Amino acid sequence: MTEDALFPVELVQPQGSHSGPRLVAPGAVHVPGWLTDEQQRWIVARFGEWTQGPVPLRAATLPGGQQMSVKTVCLGWHWQPYKYTREATDVNGRPVLDFPDWMVRLGKKAVSEAYAPELVQDASLSGLADGYAPDAALVNFYGDGAAMGMHQDKDERSSAPVVSISIGDSCVFRFGNTRTRTKPYEDVQLRSGDLFVFGGPSRFAYHGIPKVHPGTAPSDCGLSHGRINITMRVTGMS
Ligand SMILES: O=C(O)CCC(=O)C(=O)O
Ligand SMILES: [Fe+2]
C-alpha cells in the first residue's frame with residue numbers, strides 16, 4: 001500500500017469542520033466562518049459603543065402590545081414595527097447613529113463573496129455587489145431564551161439583498177419560502193463568524209430564529225454570552 005493511499009488528500013483536510021459557502025436556496029447563501037476572530041472581537045467592541053446611545057438597546061413592542069424577546073439597536077435608520085424612521089420615536093425620540101463606512105464595505109464584500117459566479121451561477125445575482133450600499137442595520141442581541149418568529153424582511157422599499165452576520169452563541173436559523181411561514185424550510189446552524197446573504201428569489205423568504213444554544217460562544221469571539229446578529233439592508237429611502 002502506498003503512502004498516498006494510506007493518507008488520502010481528502011482525509012488531510014478536516015471534513016465538515018470548515019465547510020465552504022453553500023447555496024441554501026436560490027439567492028440564499030451561507031458562508032461559515034466568514035469573519036476572523038479579530039474582526040468579531042472588533043465588532044463586539046463597536047456593539048458596546050452603539051448600546052451607549054443615543055438610542056439604547058431595546059426590545060421592540062409589536063402592534064399587539066407584545067414585547068420581542070430580542071433586543072435591538074439600529075444604525076442608519078431606526079426600525080420599529082413596521083417602519084423605518086430617522087428618530088427612535090418609539091424609544092426616546094433621539095436620532096440613530098450613522099451607518100458606518102466600514103459596514104458599507106463589509107456589506108459589499110459579503111454580497112460579492114456570497115454571490116461569486118462559480119457558486120450562484122446567476123449573473124443577475126453576481127452583478128449585485130457593485131452597487132450594493134446598505135443604509136440600515138438592525139443589530140440584534142439574543143440573551144437567554146430569546147428567539148425570533150418566522151417573518152419576512154419587507155419594510156424596505158428595495159429588493160436589494162439582506163446581509164446577515166452572527167457573533168457569539170450559535171443558533172438555529174430557519175430559512176423558509178416566500179409564500180408561507182411554515183414548511184418547506186431548512187434549519188441552518190449559524191455559528192459565530194458566519195455570513196448569510198439572502199437576495200434575488202429568496203429576498204422575501206420567511207425566516208426566523210427558533211433557538212439559540214446558550215454557552216456555545218467560542219472563547220475568542222469577544223462575547224462571553226448571548227448572540228449578536230447584524231442584518232444590513234437597503235431601505236430605498238432618503
Ligand atoms: O438573528 C438573525 O439571524 C435574524 C434576524 C432577523 O431576521 C431580523 O433582524 O430581521
Ligand atoms: Fe429578518
# chains A, B, ... in the order shown; residues from 1 in each chain; ligands from 1

call {"tool": "select_by_dssp", "arguments": {"residues": "region 48-233 of chain A", "states": "strand (DSSP E)", "output": "PDB file with C-alpha atoms, in the first residue's frame"}}
result
ATOM      1  CA  LYS A  71     -33.204  43.429  21.874  1.00  0.00           C
ATOM      2  CA  THR A  72     -32.198  45.721  19.032  1.00  0.00           C
ATOM      3  CA  VAL A  73     -30.177  48.849  18.366  1.00  0.00           C
ATOM      4  CA  CYS A  74     -30.115  50.321  14.869  1.00  0.00           C
ATOM      5  CA  LEU A  75     -27.651  52.140  12.646  1.00  0.00           C
ATOM      6  CA  HIS A  78     -34.261  53.121  13.188  1.00  0.00           C
ATOM      7  CA  TRP A  79     -36.514  50.124  12.696  1.00  0.00           C
ATOM      8  CA  GLN A  80     -39.710  49.865  14.663  1.00  0.00           C
ATOM      9  CA  LYS A  83     -41.333  51.053   9.533  1.00  0.00           C
ATOM     10  CA  TYR A  84     -38.036  52.912   9.363  1.00  0.00           C
ATOM     11  CA  THR A  85     -37.625  56.347  10.919  1.00  0.00           C
ATOM     12  CA  ALA A 136     -29.656  50.490   7.713  1.00  0.00           C
ATOM     13  CA  ALA A 137     -28.540  47.820  10.147  1.00  0.00           C
ATOM     14  CA  LEU A 138     -30.568  46.071  12.793  1.00  0.00           C
ATOM     15  CA  VAL A 139     -28.156  44.959  15.477  1.00  0.00           C
ATOM     16  CA  ASN A 140     -29.925  42.251  17.443  1.00  0.00           C
ATOM     17  CA  PHE A 141     -28.907  40.820  20.795  1.00  0.00           C
ATOM     18  CA  TYR A 142     -30.237  37.425  21.853  1.00  0.00           C
ATOM     19  CA  MET A 148     -37.451  35.362  16.673  1.00  0.00           C
ATOM     20  CA  GLY A 149     -40.598  34.116  14.976  1.00  0.00           C
ATOM     21  CA  MET A 150     -40.922  33.486  11.258  1.00  0.00           C
ATOM     22  CA  HIS A 151     -41.215  36.740   9.346  1.00  0.00           C
ATOM     23  CA  VAL A 162     -30.016  41.375   3.168  1.00  0.00           C
ATOM     24  CA  VAL A 163     -26.565  40.655   4.616  1.00  0.00           C
ATOM     25  CA  SER A 164     -26.530  38.892   7.988  1.00  0.00           C
ATOM     26  CA  ILE A 165     -23.535  38.264  10.246  1.00  0.00           C
ATOM     27  CA  SER A 166     -23.547  36.419  13.561  1.00  0.00           C
ATOM     28  CA  ILE A 167     -21.270  36.541  16.608  1.00  0.00           C
ATOM     29  CA  GLY A 168     -21.408  34.610  19.893  1.00  0.00           C
ATOM     30  CA  CYS A 171     -28.355  29.220  16.798  1.00  0.00           C
ATOM     31  CA  VAL A 172     -30.852  27.568  14.523  1.00  0.00           C
ATOM     32  CA  PHE A 173     -31.694  29.845  11.601  1.00  0.00           C
ATOM     33  CA  ARG A 174     -34.891  28.634   9.968  1.00  0.00           C
ATOM     34  CA  PHE A 175     -34.909  29.627   6.325  1.00  0.00           C
ATOM     35  CA  GLU A 186     -34.447  24.409   6.162  1.00  0.00           C
ATOM     36  CA  ASP A 187     -32.824  24.698   9.590  1.00  0.00           C
ATOM     37  CA  VAL A 188     -29.290  26.039   9.243  1.00  0.00           C
ATOM     38  CA  GLN A 189     -26.832  26.234  12.164  1.00  0.00           C
ATOM     39  CA  LEU A 190     -25.381  29.731  12.322  1.00  0.00           C
ATOM     40  CA  LEU A 195     -22.326  35.109   6.996  1.00  0.00           C
ATOM     41  CA  PHE A 196     -25.735  34.587   5.444  1.00  0.00           C
ATOM     42  CA  VAL A 197     -26.914  36.577   2.424  1.00  0.00           C
ATOM     43  CA  PHE A 198     -30.452  36.405   1.083  1.00  0.00           C
ATOM     44  CA  HIS A 207     -37.080  33.226   8.226  1.00  0.00           C
ATOM     45  CA  GLY A 208     -36.652  33.127  11.990  1.00  0.00           C
ATOM     46  CA  ILE A 209     -34.546  32.008  14.922  1.00  0.00           C
ATOM     47  CA  PRO A 210     -36.353  29.226  16.815  1.00  0.00           C
ATOM     48  CA  LYS A 211     -33.418  28.531  19.133  1.00  0.00           C
ATOM     49  CA  VAL A 212     -30.124  29.916  20.389  1.00  0.00           C
ATOM     50  CA  ARG A 227     -25.657  36.196  20.370  1.00  0.00           C
ATOM     51  CA  ILE A 228     -25.252  39.295  18.255  1.00  0.00           C
ATOM     52  CA  ASN A 229     -26.739  39.330  14.788  1.00  0.00           C
ATOM     53  CA  ILE A 230     -26.383  42.243  12.409  1.00  0.00           C
ATOM     54  CA  THR A 231     -28.589  42.465   9.344  1.00  0.00           C
ATOM     55  CA  MET A 232     -27.667  45.129   6.803  1.00  0.00           C
ATOM     56  CA  ARG A 233     -30.374  46.333   4.490  1.00  0.00           C
TER      57      ARG A 233
END

call {"tool": "residues_around", "arguments": {"residues": "Leu119 (chain A)", "least_positions_apart": "4", "cutoff": "9 Å", "atoms": "only C-alpha atoms", "output": "ChimeraX atom specification"}}
result
/A:21-23,29,114-115

call {"tool": "write_last_selection", "arguments": {"atoms": "N, CA and C atoms", "output": "PDB file, in the first residue's frame"}}
result
ATOM      1  N   PRO A  21     -18.791  27.956   1.315  1.00  0.00           N
ATOM      2  CA  PRO A  21     -20.095  28.572   1.066  1.00  0.00           C
ATOM      3  C   PRO A  21     -21.092  27.547   0.546  1.00  0.00           C
ATOM      4  N   ARG A  22     -22.332  27.703   0.925  1.00  0.00           N
ATOM      5  CA  ARG A  22     -23.354  26.751   0.467  1.00  0.00           C
ATOM      6  C   ARG A  22     -24.615  27.506   0.044  1.00  0.00           C
ATOM      7  N   LEU A  23     -25.126  27.125  -1.106  1.00  0.00           N
ATOM      8  CA  LEU A  23     -26.374  27.693  -1.606  1.00  0.00           C
ATOM      9  C   LEU A  23     -27.521  26.969  -0.908  1.00  0.00           C
ATOM     10  N   VAL A  29     -27.331  32.289   0.501  1.00  0.00           N
ATOM     11  CA  VAL A  29     -26.018  31.657   0.634  1.00  0.00           C
ATOM     12  C   VAL A  29     -25.517  31.742   2.070  1.00  0.00           C
ATOM     13  N   ALA A 114     -20.537  36.029  -1.389  1.00  0.00           N
ATOM     14  CA  ALA A 114     -21.644  35.064  -1.332  1.00  0.00           C
ATOM     15  C   ALA A 114     -22.185  34.784  -2.738  1.00  0.00           C
ATOM     16  N   TYR A 115     -22.183  35.824  -3.576  1.00  0.00           N
ATOM     17  CA  TYR A 115     -22.723  35.670  -4.930  1.00  0.00           C
ATOM     18  C   TYR A 115     -21.614  35.511  -5.972  1.00  0.00           C
TER      19      TYR A 115
END

call {"tool": "atom_distance", "arguments": {"atom1": "CA of Arg86 (chain A)", "atom2": "CA of Gly236 (chain A)"}}
result
13.4 Å

call {"tool": "residues_around", "arguments": {"residues": "Ser112 (chain A)", "least_positions_apart": "4", "cutoff": "12 Å", "atoms": "only C-alpha atoms", "output": "NGL selection string"}}
result
:A and (29 or 31 or 105-108 or 116-120 or 123 or 125-132 or 161 or 163 or 197)
